[in-house]
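The block underneath contains the structure these notes are about, expressed in structure tokens.
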Amino acid sequence: MQLHHQINPSYWQTVSFPPLPALRRDRSADVCIVGAGIAGLTTAYVLLKNGFKVILLDKDTLGNNETARTSGHLSNVLDEGLTQLISTLGEESARKAIASHTDAMELIEKIIQEEKIDCDFKRVEGYLYLSPETNKDYLNQELHSARKLGFSDVELQASPTHFADLEA
Ligand SMILES: Cc1cc2nc3c(=O)[nH]c(=O)nc-3n(C[C@H](O)[C@H](O)[C@H](O)COP(=O)(O)OP(=O)(O)OC[C@H]3O[C@@H](n4cnc5c(N)ncnc54)[C@H](O)[C@@H]3O)c2cc1C
């Protein structure tokens, strides 16, 4: 069986970054970040843009761990589902979690524009499917939770109608 990341490798899997130089002497900085995956790299980028001196450390090369395995989609609907999110965090914190993902997507879009990064960034419709083993009421529950959390443009469809948009 071929795994998804072997068929469609992420950008990170197609680029070989040079090994990072070892830290051989004392250095000083405002902030030291451990981990040069997407989280550490983004933090370093934002801090540098704001005038901080940053040291970024990694035991491996850039973006070579979980970051390399991304399928490259961004969403403010968290993987565990909105009903589960409310049940785990409560409504107020669930809203904050969603807002943090919305802010992250906006930051990424802004960086792409400012740095003129040619990465096919596109905002598209998102679909949540019912898997055969899932309770048929799951989508209704998700719709109800989505509206509760302020997603106003969510609707239940018998089948997706926007495949053409996704493929365009
Ligand atoms: C198959 C798959 C698909 C995914 N698809 C998506 C997606 O479509 N969209 C999405 O948003 N997310 C997706 N994710 C999740 C996303 O990839 C991760 O949330 C994200 O990459 C985590 O980034 P990170 O920087 O926190 O971690 P990492 O990329 O793992 O970076 C952590 C870094 O820290 C370094 N490190 C760890 N310990 C030390 C140490 N002691 N000293 C020095 N360095 C250290 C590691 O070497 C590593 O480079 C996916 C994940 C997987 C596995």
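Following the order of the structure tokens, first chain is A, next is B, and so on, with residues numbered from 1 inside each chain and ligands from 1 in the order they appear.
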Within 12 Å of ligand 1 (counting only C-alpha atoms and all ligand atoms), which residues show up? I'd like them as a ChimeraX atom specification.
/A:3-6,8-13,17,19-20,22-23,32-44,55-79,101-102,104-105,108
When DSSP works through the backbone of this structure, what residues of chain A end up as alpha helix (DSSP H), shown as JSON, numbers by chain?
{"A": [4, 5, 6, 7, 11, 12, 13, 14, 38, 39, 40, 41, 42, 43, 44, 45, 46, 47, 48, 49, 82, 83, 84, 85, 86, 87, 88, 89, 91, 92, 93, 94, 95, 96, 97, 98, 99, 100, 101, 102, 103, 104, 105, 106, 107, 108, 109, 110, 111, 112, 113, 114, 138, 139, 140, 141, 142, 143, 144, 145, 146, 147, 148, 163, 164, 165, 166, 167]}
List every residue of stretch 3-156 of chain A that DSSP, applied to the backbone, labels as strand (DSSP E), and write the result as an MDAnalysis selection string.
chainID A and resid 31:34 54:57
Would you save the residues from that selection as a short mmCIF file (atom, residue, chain, number, x, y, z; two decimals), in the first residue's frame, using all heavy atoms?
```
data_model
loop_
_atom_site.label_atom_id
_atom_site.label_comp_id
_atom_site.auth_asym_id
_atom_site.auth_seq_id
_atom_site.Cartn_x
_atom_site.Cartn_y
_atom_site.Cartn_z
N VAL A 31 15.54 35.76 22.12
CA VAL A 31 14.70 34.56 22.24
C VAL A 31 15.44 33.38 21.61
O VAL A 31 16.03 33.50 20.54
CB VAL A 31 13.36 34.75 21.48
CG1 VAL A 31 12.47 33.51 21.65
CG2 VAL A 31 12.62 35.98 21.96
N CYS A 32 15.40 32.24 22.31
CA CYS A 32 15.95 31.01 21.73
C CYS A 32 14.78 30.05 21.51
O CYS A 32 14.03 29.76 22.44
CB CYS A 32 16.97 30.42 22.70
SG CYS A 32 17.60 28.85 22.11
N ILE A 33 14.64 29.59 20.29
CA ILE A 33 13.53 28.69 19.95
C ILE A 33 14.11 27.31 19.70
O ILE A 33 15.06 27.16 18.92
CB ILE A 33 12.80 29.19 18.68
CG1 ILE A 33 12.22 30.58 18.93
CG2 ILE A 33 11.72 28.20 18.25
CD1 ILE A 33 11.74 31.27 17.67
N VAL A 34 13.55 26.29 20.33
CA VAL A 34 14.01 24.92 20.08
C VAL A 34 12.98 24.24 19.20
O VAL A 34 11.82 24.07 19.58
CB VAL A 34 14.19 24.14 21.41
CG1 VAL A 34 14.67 22.71 21.12
CG2 VAL A 34 15.19 24.86 22.31
N VAL A 54 17.07 36.39 17.32
CA VAL A 54 16.54 35.04 17.58
C VAL A 54 17.59 33.99 17.29
O VAL A 54 18.33 34.09 16.31
CB VAL A 54 15.32 34.77 16.65
CG1 VAL A 54 14.78 33.36 16.87
CG2 VAL A 54 14.23 35.81 16.89
N ILE A 55 17.64 32.96 18.14
CA ILE A 55 18.42 31.75 17.81
C ILE A 55 17.43 30.60 17.66
O ILE A 55 16.56 30.40 18.52
CB ILE A 55 19.45 31.44 18.91
CG1 ILE A 55 20.58 32.48 18.85
CG2 ILE A 55 20.04 30.03 18.72
CD1 ILE A 55 21.63 32.33 19.92
N LEU A 56 17.53 29.89 16.55
CA LEU A 56 16.62 28.78 16.27
C LEU A 56 17.46 27.49 16.26
O LEU A 56 18.43 27.39 15.50
CB LEU A 56 15.97 29.02 14.91
CG LEU A 56 14.97 28.00 14.38
CD1 LEU A 56 13.78 27.86 15.31
CD2 LEU A 56 14.47 28.42 12.99
N LEU A 57 17.11 26.55 17.11
CA LEU A 57 17.89 25.31 17.23
C LEU A 57 17.07 24.12 16.79
O LEU A 57 15.86 24.06 17.03
CB LEU A 57 18.27 25.07 18.71
CG LEU A 57 19.15 26.10 19.40
CD1 LEU A 57 19.25 25.75 20.89
CD2 LEU A 57 20.54 26.14 18.79
#
```
A:Glu109, A:Asp26, A:Asn140, A:Thr14 ranked by distance to A:Arg123, top pick (using only C-alpha atoms)
A:Glu109
Within 10 Å of A:Tyr127, counting only C-alpha atoms, which residues show up once you throw out same-chain ones fewer than 2 positions away? Write them as a ChimeraX atom specification, please.
/A:124-125,129-130,154-157,159-160,162
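Atom CA of A:Tyr138 is positioned 28.2 Å from atom CA of A:Lys122.
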